[in-house]
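Pasted below: upload.csv, CSV, C-alpha atoms and all ligand atoms.
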```csv
chain,number,residue,atom,x,y,z
A,135,MET,CA,-37.8,6.7,-55.4
A,136,ILE,CA,-37.6,2.9,-55.0
A,137,GLU,CA,-38.7,1.7,-51.5
A,138,LYS,CA,-35.9,0.0,-49.5
A,139,SER,CA,-38.0,-3.1,-49.2
A,140,LYS,CA,-38.1,-3.4,-53.0
A,141,THR,CA,-34.3,-3.9,-53.3
A,142,LYS,CA,-32.7,-7.3,-52.6
A,143,LYS,CA,-30.6,-7.7,-49.5
A,144,ILE,CA,-27.2,-7.9,-51.0
A,145,ASP,CA,-23.7,-6.6,-50.1
A,146,TRP,CA,-23.8,-4.1,-53.0
A,147,GLU,CA,-20.5,-2.5,-52.3
A,148,ASN,CA,-18.6,-5.8,-52.5
A,149,LEU,CA,-20.2,-7.3,-55.6
A,150,GLU,CA,-17.9,-8.9,-58.1
A,151,PHE,CA,-18.4,-9.4,-61.8
A,152,SER,CA,-19.9,-12.9,-61.6
A,153,TYR,CA,-23.1,-14.7,-62.5
A,154,ILE,CA,-26.1,-14.3,-60.2
A,155,LYS,CA,-29.5,-15.8,-61.2
A,156,THR,CA,-32.0,-13.1,-61.3
A,157,ASP,CA,-35.8,-13.6,-61.6
A,158,TYR,CA,-36.7,-13.0,-65.2
A,159,ARG,CA,-35.1,-13.2,-68.7
A,160,PHE,CA,-36.6,-12.4,-72.1
A,161,ILE,CA,-36.6,-15.0,-74.8
A,162,SER,CA,-37.7,-14.8,-78.4
A,163,ARG,CA,-37.4,-17.5,-81.1
A,164,TYR,CA,-36.9,-17.1,-84.9
A,165,ARG,CA,-38.6,-19.7,-87.0
A,166,ASN,CA,-39.9,-19.7,-90.6
A,167,GLY,CA,-38.2,-16.4,-91.3
A,168,GLN,CA,-39.6,-14.4,-88.4
A,169,TRP,CA,-39.1,-13.5,-84.8
A,170,ASP,CA,-41.9,-14.3,-82.4
A,171,GLU,CA,-43.1,-11.7,-79.9
A,172,GLY,CA,-41.0,-13.2,-77.2
A,173,GLN,CA,-41.8,-13.5,-73.5
A,174,LEU,CA,-40.3,-13.2,-70.0
A,175,THR,CA,-39.5,-16.5,-68.3
A,176,THR,CA,-38.1,-17.5,-64.9
A,177,ASP,CA,-36.3,-20.5,-66.4
A,178,ASN,CA,-32.6,-19.9,-66.8
A,179,GLN,CA,-31.9,-23.2,-68.7
A,180,LEU,CA,-32.1,-23.6,-72.5
A,181,HIS,CA,-33.2,-26.8,-74.1
A,182,ILE,CA,-31.7,-26.8,-77.6
A,183,SER,CA,-30.9,-29.3,-80.4
A,184,GLU,CA,-27.5,-31.0,-80.3
A,185,GLY,CA,-27.2,-29.8,-83.9
A,186,SER,CA,-27.3,-26.1,-82.9
A,187,THR,CA,-24.8,-24.1,-85.0
A,188,ALA,CA,-23.9,-22.1,-81.9
A,189,LEU,CA,-22.5,-25.2,-80.3
A,190,HIS,CA,-20.3,-26.4,-83.2
A,191,TYR,CA,-19.5,-23.5,-85.4
A,192,GLY,CA,-19.7,-20.5,-83.0
A,193,GLN,CA,-22.8,-19.0,-84.8
A,194,GLN,CA,-23.7,-16.7,-82.0
A,195,CYS,CA,-23.1,-13.1,-80.8
A,196,PHE,CA,-23.8,-11.0,-77.7
A,197,GLU,CA,-23.9,-7.6,-76.3
A,198,GLY,CA,-22.9,-6.1,-72.9
A,199,MET,CA,-24.7,-3.0,-71.4
A,200,LYS,CA,-25.7,-1.8,-68.0
A,201,ALA,CA,-28.7,-0.2,-66.2
A,202,TYR,CA,-27.8,2.5,-63.6
A,203,ARG,CA,-29.9,3.6,-60.6
A,204,THR,CA,-30.0,7.3,-60.3
A,205,ALA,CA,-30.3,9.6,-57.2
A,206,ASP,CA,-34.0,10.0,-57.8
A,207,GLY,CA,-34.5,6.2,-57.9
A,208,SER,CA,-35.2,6.0,-61.6
A,209,ILE,CA,-33.2,3.7,-63.9
A,210,ASN,CA,-30.9,4.8,-66.8
A,211,LEU,CA,-29.7,2.9,-69.8
A,212,PHE,CA,-26.6,4.2,-71.5
A,213,ARG,CA,-26.9,4.5,-75.4
A,214,PRO,CA,-28.9,1.2,-75.8
A,215,TYR,CA,-29.6,1.8,-79.5
A,216,GLU,CA,-25.8,1.7,-80.1
A,217,ASN,CA,-25.8,-1.9,-78.7
A,218,ALA,CA,-28.8,-2.8,-80.8
A,219,LYS,CA,-27.0,-1.5,-83.9
A,220,ARG,CA,-23.8,-3.3,-83.1
A,221,MET,CA,-25.6,-6.5,-82.5
A,222,GLN,CA,-27.2,-6.2,-86.0
A,223,LYS,CA,-23.7,-5.8,-87.4
A,224,SER,CA,-22.5,-8.9,-85.6
A,225,CYS,CA,-25.5,-10.8,-86.9
A,226,GLU,CA,-24.7,-9.6,-90.4
A,227,ARG,CA,-21.1,-10.9,-90.2
A,228,LEU,CA,-22.3,-14.3,-89.0
A,229,LEU,CA,-25.3,-14.6,-91.2
A,230,MET,CA,-27.8,-14.4,-88.4
A,231,PRO,CA,-31.2,-12.6,-88.7
A,232,ALA,CA,-31.2,-9.0,-87.3
A,233,PHE,CA,-33.2,-8.5,-84.2
A,234,PRO,CA,-35.1,-5.1,-84.7
A,235,GLU,CA,-33.6,-2.1,-82.8
A,236,GLU,CA,-36.8,-1.0,-81.2
A,237,ALA,CA,-37.7,-4.6,-80.1
A,238,PHE,CA,-34.1,-5.0,-78.7
A,239,VAL,CA,-34.4,-1.9,-76.5
A,240,GLU,CA,-38.0,-2.8,-75.5
A,241,ALA,CA,-36.8,-6.3,-74.5
A,242,VAL,CA,-33.9,-4.8,-72.4
A,243,LYS,CA,-36.4,-2.5,-70.7
A,244,LYS,CA,-38.8,-5.3,-70.0
A,245,VAL,CA,-36.1,-7.5,-68.3
A,246,VAL,CA,-34.8,-4.6,-66.3
A,247,ARG,CA,-38.3,-3.7,-65.1
A,248,ALA,CA,-39.1,-7.3,-64.2
A,249,ASN,CA,-35.8,-7.5,-62.2
A,250,GLU,CA,-36.1,-4.0,-60.7
A,251,GLU,CA,-35.2,-5.3,-57.2
A,252,TRP,CA,-31.9,-6.4,-58.5
A,253,VAL,CA,-30.8,-3.0,-59.7
A,254,PRO,CA,-28.2,-1.8,-57.2
A,255,PRO,CA,-29.0,1.3,-55.2
A,256,TYR,CA,-27.6,4.7,-56.2
A,257,GLY,CA,-24.3,5.5,-54.5
A,258,THR,CA,-23.0,1.9,-54.2
A,259,GLY,CA,-21.1,2.1,-57.5
A,260,ALA,CA,-22.7,-1.2,-58.6
A,261,SER,CA,-24.9,-1.5,-61.6
A,262,LEU,CA,-27.1,-4.1,-63.4
A,263,TYR,CA,-25.2,-5.8,-66.2
A,264,ILE,CA,-27.3,-6.7,-69.2
A,265,ARG,CA,-26.4,-9.5,-71.5
A,266,PRO,CA,-28.4,-9.8,-74.8
A,267,TYR,CA,-27.3,-12.7,-77.0
A,268,MET,CA,-28.3,-14.6,-80.0
A,269,ILE,CA,-27.6,-18.2,-80.9
A,270,GLY,CA,-28.1,-20.4,-84.0
A,271,VAL,CA,-30.2,-23.5,-83.0
A,272,GLY,CA,-32.1,-26.3,-84.7
A,273,ASP,CA,-31.1,-29.6,-86.3
A,274,ASN,CA,-27.9,-29.0,-88.3
A,275,ILE,CA,-24.6,-30.6,-89.1
A,276,GLY,CA,-23.1,-29.0,-92.2
A,277,VAL,CA,-21.1,-25.7,-91.9
A,278,LYS,CA,-23.9,-23.3,-92.9
A,279,ALA,CA,-26.1,-20.8,-91.2
A,280,ALA,CA,-29.0,-22.2,-89.1
A,281,ASP,CA,-32.7,-21.7,-90.0
A,282,GLU,CA,-33.7,-21.1,-86.3
A,283,TYR,CA,-32.4,-18.8,-83.7
A,284,ILE,CA,-32.9,-17.7,-80.1
A,285,PHE,CA,-32.5,-14.1,-78.9
A,286,SER,CA,-32.4,-13.7,-75.2
A,287,VAL,CA,-31.6,-11.0,-72.6
A,288,PHE,CA,-30.6,-11.7,-69.0
A,289,VAL,CA,-29.3,-9.4,-66.2
A,290,MET,CA,-27.4,-9.5,-63.0
A,291,PRO,CA,-26.0,-6.9,-60.5
A,292,VAL,CA,-22.3,-6.5,-60.8
A,293,GLY,CA,-19.4,-4.6,-59.3
A,294,SER,CA,-16.0,-3.9,-61.0
A,295,TYR,CA,-14.7,-6.1,-63.7
A,296,PHE,CA,-11.1,-5.6,-62.8
A,297,LYS,CA,-10.4,-5.9,-59.1
A,298,GLY,CA,-10.3,-2.6,-57.3
A,299,GLY,CA,-12.5,-0.4,-59.6
A,300,LEU,CA,-10.7,2.9,-60.5
A,301,LYS,CA,-7.3,1.7,-59.4
A,302,PRO,CA,-4.4,1.2,-61.8
A,303,SER,CA,-3.9,-2.3,-63.1
A,304,ASN,CA,-0.9,-3.9,-64.8
A,305,PHE,CA,-1.3,-5.7,-68.1
A,306,ILE,CA,1.0,-7.8,-70.3
A,307,VAL,CA,1.3,-7.8,-74.1
A,308,SER,CA,0.4,-11.2,-75.4
A,309,ASP,CA,2.1,-13.2,-78.2
A,310,TYR,CA,-1.3,-14.5,-79.3
A,311,ASP,CA,-3.8,-12.7,-81.5
A,312,ARG,CA,-7.5,-12.5,-80.6
A,313,ALA,CA,-8.8,-11.9,-84.2
A,314,ALA,CA,-7.5,-11.9,-87.7
A,315,PRO,CA,-7.2,-8.7,-89.8
A,316,LYS,CA,-10.2,-9.5,-91.9
A,317,GLY,CA,-11.8,-11.9,-89.4
A,318,THR,CA,-14.4,-11.2,-86.8
A,319,GLY,CA,-12.6,-8.9,-84.4
A,320,ALA,CA,-15.1,-6.0,-84.9
A,321,ALA,CA,-18.0,-8.3,-84.2
A,322,LYS,CA,-19.0,-9.2,-80.7
A,323,VAL,CA,-18.9,-13.0,-81.3
A,324,GLY,CA,-17.9,-15.7,-78.9
A,325,GLY,CA,-15.0,-17.0,-81.1
A,326,ASN,CA,-13.0,-13.9,-80.3
A,327,TYR,CA,-13.4,-14.5,-76.6
A,328,ALA,CA,-12.6,-18.2,-76.9
A,329,ALA,CA,-9.3,-17.2,-78.6
A,330,SER,CA,-8.6,-14.9,-75.6
A,331,LEU,CA,-9.1,-17.4,-72.8
A,332,LEU,CA,-5.6,-18.9,-72.9
A,333,PRO,CA,-3.7,-15.5,-73.2
A,334,GLY,CA,-6.0,-14.1,-70.5
A,335,LYS,CA,-5.1,-17.1,-68.2
A,336,ASP,CA,-1.4,-16.8,-69.0
A,337,ALA,CA,-1.6,-13.1,-68.1
A,338,LYS,CA,-3.4,-13.8,-64.8
A,339,THR,CA,-1.0,-16.6,-63.9
A,340,ARG,CA,1.8,-14.0,-64.1
A,341,SER,CA,-0.2,-11.6,-61.8
A,342,PHE,CA,-1.3,-9.3,-64.6
A,343,SER,CA,-5.0,-8.2,-64.9
A,344,ASP,CA,-5.3,-9.3,-68.5
A,345,ALA,CA,-3.6,-9.6,-71.9
A,346,VAL,CA,-3.1,-6.7,-74.3
A,347,TYR,CA,-3.3,-7.7,-78.0
A,348,LEU,CA,-1.3,-6.2,-80.8
A,349,ASP,CA,-2.5,-5.8,-84.4
A,350,PRO,CA,-2.5,-9.2,-85.9
A,351,ALA,CA,-0.9,-8.2,-89.2
A,352,THR,CA,2.3,-6.5,-87.9
A,353,HIS,CA,2.3,-6.9,-84.1
A,354,THR,CA,3.6,-3.4,-83.8
A,355,LYS,CA,0.4,-1.5,-82.6
A,356,ILE,CA,-1.8,-1.9,-79.6
A,357,GLU,CA,-5.4,-3.1,-80.4
A,358,GLU,CA,-7.3,-4.3,-77.3
A,359,VAL,CA,-6.9,-4.7,-73.6
A,360,GLY,CA,-8.6,-8.0,-72.8
A,361,ALA,CA,-12.3,-7.3,-73.1
A,362,ALA,CA,-11.9,-3.6,-73.3
A,363,ASN,CA,-10.5,-0.9,-75.7
A,364,PHE,CA,-7.3,1.1,-75.1
A,365,PHE,CA,-6.8,4.8,-74.8
A,366,GLY,CA,-3.8,7.0,-74.1
A,367,ILE,CA,-3.3,10.7,-73.1
A,368,THR,CA,-0.3,12.2,-74.8
A,369,HIS,CA,2.0,14.7,-73.1
A,370,ASP,CA,0.4,17.5,-75.1
A,371,ASN,CA,-3.1,16.4,-73.9
A,372,GLU,CA,-4.5,14.5,-76.8
A,373,PHE,CA,-6.8,11.6,-76.2
A,374,VAL,CA,-5.8,8.8,-78.6
A,375,THR,CA,-7.4,5.4,-79.1
A,376,PRO,CA,-6.5,2.7,-81.7
A,377,VAL,CA,-8.2,2.5,-85.0
A,378,SER,CA,-8.4,-1.0,-86.6
A,379,PRO,CA,-10.9,-3.2,-88.4
A,380,SER,CA,-10.1,-6.0,-85.9
A,381,ILE,CA,-11.1,-4.3,-82.7
A,382,LEU,CA,-14.5,-4.0,-81.2
A,383,PRO,CA,-16.1,-0.6,-81.9
A,384,SER,CA,-16.6,0.2,-78.2
A,385,ILE,CA,-19.5,2.4,-77.2
A,386,THR,CA,-17.6,3.6,-74.2
A,387,LYS,CA,-14.6,4.5,-76.3
A,388,TYR,CA,-16.7,6.6,-78.7
A,389,SER,CA,-18.3,8.2,-75.7
A,390,LEU,CA,-14.9,9.1,-74.2
A,391,LEU,CA,-13.7,10.5,-77.5
A,392,TRP,CA,-16.7,12.8,-77.5
A,393,LEU,CA,-16.3,13.7,-73.8
A,394,ALA,CA,-12.5,14.3,-74.2
A,395,GLU,CA,-13.1,16.8,-76.9
A,396,ASN,CA,-16.4,18.5,-75.7
A,397,HIS,CA,-16.2,18.4,-71.9
A,398,LEU,CA,-12.5,18.3,-71.3
A,399,ASN,CA,-11.4,20.4,-74.2
A,400,LEU,CA,-8.7,17.9,-75.3
A,401,LYS,CA,-7.8,17.0,-78.8
A,402,ALA,CA,-9.2,13.6,-79.5
A,403,SER,CA,-8.5,11.2,-82.3
A,404,GLU,CA,-8.3,7.6,-83.4
A,405,GLY,CA,-4.9,6.6,-84.5
A,406,ASP,CA,-2.0,4.1,-84.3
A,407,ILE,CA,-0.6,3.3,-80.8
A,408,LYS,CA,2.9,1.9,-81.7
A,409,ILE,CA,4.2,-0.4,-79.0
A,410,ASP,CA,7.7,1.1,-79.3
A,411,GLU,CA,6.3,4.6,-78.8
A,412,LEU,CA,4.7,4.3,-75.4
A,413,ASP,CA,6.7,7.3,-74.1
A,414,ARG,CA,4.2,9.5,-76.0
A,415,PHE,CA,1.6,8.9,-73.3
A,416,LYS,CA,1.5,10.3,-69.8
A,417,GLU,CA,-1.6,8.3,-69.0
A,418,ALA,CA,-3.3,5.2,-70.4
A,419,GLY,CA,-6.4,3.2,-69.7
A,420,ALA,CA,-8.8,0.5,-70.7
A,421,CYS,CA,-12.4,1.3,-71.3
A,422,GLY,CA,-15.6,-0.7,-71.8
A,423,THR,CA,-19.0,-1.4,-70.3
A,424,ALA,CA,-17.8,-4.0,-67.9
A,425,ALA,CA,-14.4,-2.4,-67.3
A,426,VAL,CA,-15.8,1.2,-67.2
A,427,ILE,CA,-12.3,2.9,-67.1
A,428,VAL,CA,-9.3,1.1,-65.7
A,429,PRO,CA,-6.1,3.1,-65.5
A,430,ILE,CA,-3.2,1.1,-66.9
A,431,GLY,CA,-0.4,1.4,-64.4
A,432,GLY,CA,2.2,-0.6,-66.1
A,433,LEU,CA,2.5,-2.6,-69.3
A,434,GLN,CA,4.8,-5.6,-69.7
A,435,VAL,CA,6.2,-5.6,-73.3
A,436,GLY,CA,8.6,-8.5,-73.7
A,437,GLU,CA,11.4,-8.0,-71.1
A,438,ASP,CA,10.5,-4.3,-70.5
A,439,PHE,CA,7.9,-3.0,-68.0
A,440,HIS,CA,6.6,0.4,-69.0
A,441,VAL,CA,4.9,2.5,-66.4
A,442,PHE,CA,2.5,5.2,-67.6
A,443,TYR,CA,1.3,7.6,-64.9
A,444,SER,CA,1.7,5.5,-61.8
A,445,GLU,CA,1.2,2.0,-60.6
A,446,THR,CA,-0.8,3.2,-57.6
A,447,GLU,CA,-2.3,6.6,-58.5
A,448,VAL,CA,-5.0,7.6,-61.0
A,449,GLY,CA,-3.8,10.2,-63.6
A,450,PRO,CA,-5.8,13.5,-63.5
A,451,VAL,CA,-7.1,13.2,-67.1
A,452,THR,CA,-8.2,9.6,-66.6
A,453,GLN,CA,-10.0,10.7,-63.4
A,454,ARG,CA,-11.8,13.5,-65.1
A,455,LEU,CA,-12.9,11.2,-68.0
A,456,TYR,CA,-14.1,8.7,-65.4
A,457,ASN,CA,-16.1,11.4,-63.5
A,458,GLU,CA,-17.8,12.6,-66.7
A,459,LEU,CA,-18.7,9.2,-68.0
A,460,VAL,CA,-19.9,7.7,-64.7
A,461,GLY,CA,-21.6,11.0,-63.8
A,462,ILE,CA,-23.7,10.8,-67.0
A,463,GLN,CA,-24.4,7.1,-66.6
A,464,PHE,CA,-25.7,7.5,-63.1
A,465,GLY,CA,-27.6,10.7,-64.0
A,466,ASP,CA,-25.6,13.2,-62.0
A,467,ILE,CA,-24.3,15.0,-65.1
A,468,GLU,CA,-26.3,15.9,-68.1
A,469,GLY,CA,-25.1,14.0,-71.2
A,470,PRO,CA,-25.6,14.8,-74.9
A,471,ASP,CA,-29.1,14.2,-76.3
A,472,GLY,CA,-30.0,10.6,-76.7
A,473,TRP,CA,-27.3,9.1,-74.5
A,474,ILE,CA,-29.6,8.3,-71.6
A,475,GLU,CA,-32.7,6.2,-72.1
A,476,LYS,CA,-35.0,5.9,-69.1
A,477,VAL,CA,-36.3,2.4,-68.3
A,501,LIG,N1,-13.3,-4.6,-76.6
A,501,LIG,C1,-13.8,-5.9,-76.3
A,501,LIG,C2,-13.0,-7.0,-76.9
A,501,LIG,C3,-14.9,-6.0,-75.5
A,501,LIG,O1,-15.3,-7.2,-75.2
A,501,LIG,C4,-15.6,-4.9,-75.0
A,501,LIG,C5,-16.7,-5.0,-74.2
A,501,LIG,O2,-17.8,-4.9,-74.6
A,501,LIG,C6,-15.1,-3.6,-75.4
A,501,LIG,C7,-14.0,-3.5,-76.2
A,501,LIG,C8,-15.8,-2.4,-74.9
A,501,LIG,O3,-17.0,-2.1,-75.7
A,501,LIG,P1,-18.1,-1.3,-75.0
A,501,LIG,O4,-17.6,0.0,-74.6
A,501,LIG,O5,-19.1,-1.2,-76.1
A,501,LIG,O6,-18.6,-2.1,-73.9
A,502,LIG,C1,-18.6,-5.8,-71.8
A,502,LIG,O1,-17.9,-4.8,-71.4
A,502,LIG,O2,-19.8,-5.7,-71.8
A,502,LIG,C2,-18.0,-7.0,-72.2
A,502,LIG,O3,-18.6,-7.6,-73.1
A,502,LIG,C3,-16.9,-7.6,-71.5
A,502,LIG,C4,-17.2,-9.0,-71.1
A,502,LIG,C5,-16.9,-10.0,-72.2
A,502,LIG,C6,-17.2,-9.4,-69.8
```
Whole structure given in structure tokens:
Amino acid sequence: MIEKSKTKKIDWENLEFSYIKTDYRFISRYRNGQWDEGQLTTDNQLHISEGSTALHYGQQCFEGMKAYRTADGSINLFRPYENAKRMQKSCERLLMPAFPEEAFVEAVKKVVRANEEWVPPYGTGASLYIRPYMIGVGDNIGVKAADEYIFSVFVMPVGSYFKGGLKPSNFIVSDYDRAAPKGTGAAKVGGNYAASLLPGKDAKTRSFSDAVYLDPATHTKIEEVGAANFFGITHDNEFVTPVSPSILPSITKYSLLWLAENHLNLKASEGDIKIDELDRFKEAGACGTAAVIVPIGGLQVGEDFHVFYSETEVGPVTQRLYNELVGIQFGDIEGPDGWIEKV
């Protein structure tokens, strides 16, 4: 059990999802075809060449994961090897050198341990957000992959990503695309997020929580909900989530697919979510590491506003999925083998 004096004095219950400078980050450099051992540092500033490919051509990628304080004071990571693997896929797509899986998880553990006082106490609902990233650096100017890279991991305590936590939020379907059909939508690369800034701002200006993106080829199927995946619960109790090469393969989404089938005894599948067939669903939600699960109250589609379960109440299936997922993450419920990695 962590001693009270070893946790920072922070208003944990009212944390937002915003940057806080914590004590240590891990940094490793790739030069001459290999990664160095890396080290922890207190310096949160990078000094990089003006020719860094990450600055001009978006040669970079990142991950998002969390550390959770459990009731016995220990710290859980949720499926960290999945993040390590996904980062390797992002690297492959952008011609960056893979960071080895074991070294990735070890680096994450090192940073969490070094910042243990920043891990929110059990029962506050807050967690420690972990941001691994990789950038192409060095002296470059032509459009080609860099020879040098930086891999780093930093952390900060966070509360809910969408205001209100497990409260329904309203979203709006955007006219913009976040990624092309054979582009980089399935990779966690900054370019996809740059493309989402304007639609996200437009949505917020109109008092929606974020933009929902349709499939870029036909604009007839739901793909993503801002920086989260979509799921719906049909009237005959099937958990359905979109399948597409241009959405991010969400670790939360695959975990919910498994939990829906194995803990909630629902049918669960990936399939098309046609924008003109929203009546199939009695409940809908957004899911992701930062978002956790956010019930979608209403969805603005052109001139129409479609309400799923309710704009104010959480649907019962969404609530059960949330309880299972969060219960496993915080160590209250036993998850499948390999889902929890102790720090
Ligand atoms: N989709 C997008 C565009 C995201 O940024 C995220 C966040 O990581 C997700 C989905 C959810 O993925 P995960 O559950 O792995 O966090
Ligand atoms: C995450 O859920 O980890 C994300 O990456 C969302 C984020 C871009 C804030």
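With only C-alpha atoms and all ligand atoms as the basis for measurement, A:Ser389 is the residue among A:Ser261, A:Ser343, A:Ser389, A:Asn274 that approaches ligand LIG 501 (chain A) most closely.
Among the candidates A:Val292, A:Ala241, A:Leu433, A:Ile409, the residue lying nearest to ligand LIG 502 (chain A) is A:Val292 (atoms considered: all atoms listed in the file).
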Could you work out how far CA of Ser378 in chain A lies from CA of Lys338 in chain A, giving the answer in Å with one decimal?
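The value is 25.8 Å.
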Please extract the residues at most 10 Å from ligand LIG 501 (chain A), counting all atoms listed in the file, and provide them as a PyMOL selection string, using the chain letters and residue numbers of this document.
chain A and resi 196-200+213+216-217+220+312-313+319-324+326-327+330+347+357-364+380-390+420-427
Point out the residue among A:Ile264, A:Leu189, A:Ile407, A:Ala394 with the least atom-to-atom distance to ligand LIG 502 (chain A), counting all atoms listed in the file.
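Among A:Ile264, A:Leu189, A:Ile407, A:Ala394, it is A:Ile264 that comes nearest to ligand LIG 502 (chain A).
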Test item: which residues lie within 9 Å of (-24.8, 3.2, -69.4) counting only C-alpha atoms, as JSON, numbers by chain
{"A": [199, 200, 201, 202, 210, 211, 212, 213, 214, 386, 423, 459, 460, 462, 463, 464, 473, 474, 475]}
With distances taken over all atoms listed in the file, which of A:Gln222, A:Ser286, A:Ser208, A:Gln193 is nearest to Asp177 in chain A?
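Checking each of A:Gln222, A:Ser286, A:Ser208, A:Gln193 against Asp177 in chain A, counting all atoms listed in the file, the winner is A:Ser286.
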The residues within 7 Å of (-8.9, 11.7, -77.9), using only C-alpha atoms and the coordinates of the file, should be reported as number ranges by chain; which are they?
A: 372-375, 391, 394-395, 400-404
Please, which residues in range 271-308 of chain A fall within 6 Å of range 146-160 of chain A when counting all atoms listed in the file, and what is the closest atom pair and distance in Å to one decimal for each, ordered by chain then residue number, as JSON lines?
```
{"residue": "A:Ser286", "atom": "CA", "partner": "A:Phe160", "partner_atom": "CA", "distance": 5.4}
{"residue": "A:Val287", "atom": "CA", "partner": "A:Phe160", "partner_atom": "CA", "distance": 5.2}
{"residue": "A:Phe288", "atom": "CA", "partner": "A:Arg159", "partner_atom": "CA", "distance": 4.8}
{"residue": "A:Met290", "atom": "CA", "partner": "A:Ile154", "partner_atom": "CA", "distance": 5.7}
{"residue": "A:Val292", "atom": "CA", "partner": "A:Phe151", "partner_atom": "CA", "distance": 5.0}
{"residue": "A:Gly293", "atom": "CA", "partner": "A:Leu149", "partner_atom": "CA", "distance": 4.6}
{"residue": "A:Tyr295", "atom": "CA", "partner": "A:Phe151", "partner_atom": "CA", "distance": 5.3}
```
Using only C-alpha atoms and all ligand atoms, which of the listed residues (A:Leu262, A:Ala237, A:Val253, A:Leu229) sits closest to ligand LIG 502 (chain A)?
A:Leu262
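Our summary of the geometry notes that CA of Phe305 in chain A is positioned 5.4 Å from CA of Asp344 in chain A.
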When you count only C-alpha atoms and all ligand atoms, which of these residues is closest to ligand LIG 502 (chain A): A:Ile367, A:Val428, A:Ala351, A:Val239?
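The closest residue to ligand LIG 502 (chain A) is A:Val428.
Residues in contact with Val441 in chain A at 8 Å, where only C-alpha atoms are counted and same-chain residues fewer than 3 positions away are skipped, are listed as Gly431, Gly432, Leu433, Ser444 and Glu445 of chain A.
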At what distance in Å, to one decimal, does CA of Val346 in chain A lie from CA of Leu331 in chain A?
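Computing the Euclidean distance for CA of Leu331 in chain A and CA of Val346 in chain A yields 12.4 Å.
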